[in-house]
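Remarks on the structure that follows.
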Amino acid sequence: MENHRARPALAASVVSLLATLCALALGSAIHATGAAAQGPPPPPPLRVFLDCPSGGCDRDFLITDLPFALWTQDRLDADVHLLVTRIGTPAGGSEFTMGFIGQRRFAGRVDTLVTFVPPNTSDDTRRREIARVAKIGLLRYAARLPGQERFSVVYAAPLTSAPASGAAGADDPWNLWVYRARVNANGSAESRESDYELGASLSASRTAEVWKLDFSVENEYRANRYELSDSTERRFIRRSFDASFRAVRSLSRHWSVGTRVASEQSDFRNLDASAELDLSAEYNYFPWAEATSRQLIALVAVGARYNDYAEVTIRDLTTELRPIARAIIAGESRQAWGTVDASLRYARYLHDSETYSISFNGRTSLRLSRGLSLDLRGEAAKVNDQLYLPRGDATDEEVLTRQRSLATAFRLNGSIGLSFTFGSIFNSIVNPRLDELR
């Protein structure tokens, strides 16, 4: 009997709660309508579409830090298409190129600003710098709309009267050299399986207008343990070591030449030791100053490679010295309509015309129409230059645990995707509540 009496009371409580919520919502709507009717409508905001294909932009921060802009979901609805591209600097920082492309009422206006973010910069510092430059670039457009009286310009004067100077004129005790050291360890364990990996690397680089020098060395150690159904254990260890030095000289706005020396040890590739030396030349159809937005390069390298194998190879060799040549054609374009990145690579041992590999890989992100984008990624390779393969077939355990490279005539991988966004064309509200429950 008590349960029957409780149900009407519970139902009445639910109805009362729903009525209260509806009253609050209706009251808010009436209040908003009344407030809008009391004064003149606000000036039309500047519509901006953020396009940051290379990453590094915090969209939510830009929305809150640039309140004069209304951020659209599609570029066709925007007054300004803000295209942000990024390229890494030799010191480990980033160079952001920000293009402000006028559309609709501002069609034909285009501005470009560049900013540098030093290495080891926090995410907050990076996003504030991007926002600062975005404000400067968007001011030209926002000032031509009603409401420009709300803007003011603040200039932070330098503490000294000495002119600013770049890296070339700075007192740099490191002489443009940048060093990086890294050590890492990771692992996981279950009742019948465990693995861990240790790694260390060291690199040094110096980049100037004419010369670029790079040196790197890296070492990795991987161990895996498996307990089989008969309670026996199997352990597998894979080691690798790589070292390389490269020197590149810029000859002009388009031409560069260089040389590279490299050494390698790899259990996976059956190499006890290897060494390689090559000379190369590169031509970029576009000036290198435009590298953040577009590149079209042709590269040729000729050299020799010496291999000392851990096991006798499929050609009954334990060591060999072979001449090798490479050719690469690669292009990249980051524009308002999307991004295209593709390369064609050819490598061949000169002692035997049958030992070669040729590969093509590409990545495309295209905006087909309002709200519709097409993403394509793929790689296709013809492989016939695995001179390092050991004689004999790999065991089932080696195949399953990827302990050694396997013979193959080709490599293929790819993906395709379509995305379509529709609904409200604006996105200027930041509300991260309960995002962790996604």
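A note on labels: chains of the structure tokens are A, B, ... as shown, every chain counts residues from 1, and ligands are counted from 1 in their shown order.
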
Do a neighbour search on A:Thr259 at 8 Å with only C-alpha atoms, toss out local chain neighbours closer than 5 positions, and write the hits as a PDB file with C-alpha atoms, in the first residue's frame.
```pdb
ATOM      1  CA  ARG A 246      74.519  15.605 -43.420  1.00  0.00           C
ATOM      2  CA  ALA A 247      75.866  18.854 -44.849  1.00  0.00           C
ATOM      3  CA  VAL A 248      73.773  20.984 -47.226  1.00  0.00           C
ATOM      4  CA  LEU A 277      78.105   7.835 -48.430  1.00  0.00           C
ATOM      5  CA  ASP A 278      76.302   9.884 -51.067  1.00  0.00           C
ATOM      6  CA  LEU A 279      76.334  13.219 -52.890  1.00  0.00           C
ATOM      7  CA  SER A 280      73.078  14.937 -53.807  1.00  0.00           C
TER       8      SER A 280
END
```

*Nearest to A:Lys212: which of A:Leu198, A:Ala181, A:Leu138, A:Leu251 is it, counting only C-alpha atoms?*
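When distances to A:Lys212 are compared using only C-alpha atoms, the smallest one comes from A:Leu251.
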
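Look at A:Thr115: the protein and nucleic acid residues within 7 Å of it, using only C-alpha atoms and passing over chain neighbours fewer than 4 places away, are Glu95, Phe96 and Thr97 of chain A.
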
*Please report, as a PyMOL selection string, each residue of stretch 94-229 of chain A to which DSSP assigns helix (DSSP H, G or I) when run on this structure's backbone.*
chain A and resi 104-106+123-142+148-150

_Atom-to-atom span, atom CA of A:Glu264 and atom CA of A:Tyr283, Å_ = 28.2 Å

Selection near A:Ser274, 9 Å with only C-alpha atoms, sequence-local residues under 4 positions removed, as a tab-separated table (two decimals) with C-alpha atoms, in the first residue's frame:
```tsv
chain	number	residue	atom	x	y	z
A	262	ALA	CA	75.34	7.19	-42.42
A	263	SER	CA	75.86	4.02	-40.40
A	264	GLU	CA	73.35	1.41	-39.21
A	265	GLN	CA	73.02	-1.78	-37.17
A	305	ARG	CA	76.66	1.38	-49.44
A	306	TYR	CA	78.64	-1.25	-47.52
A	307	ASN	CA	76.76	-4.00	-45.64
A	308	ASP	CA	78.12	-6.54	-43.13
A	309	TYR	CA	75.38	-9.11	-42.52
```
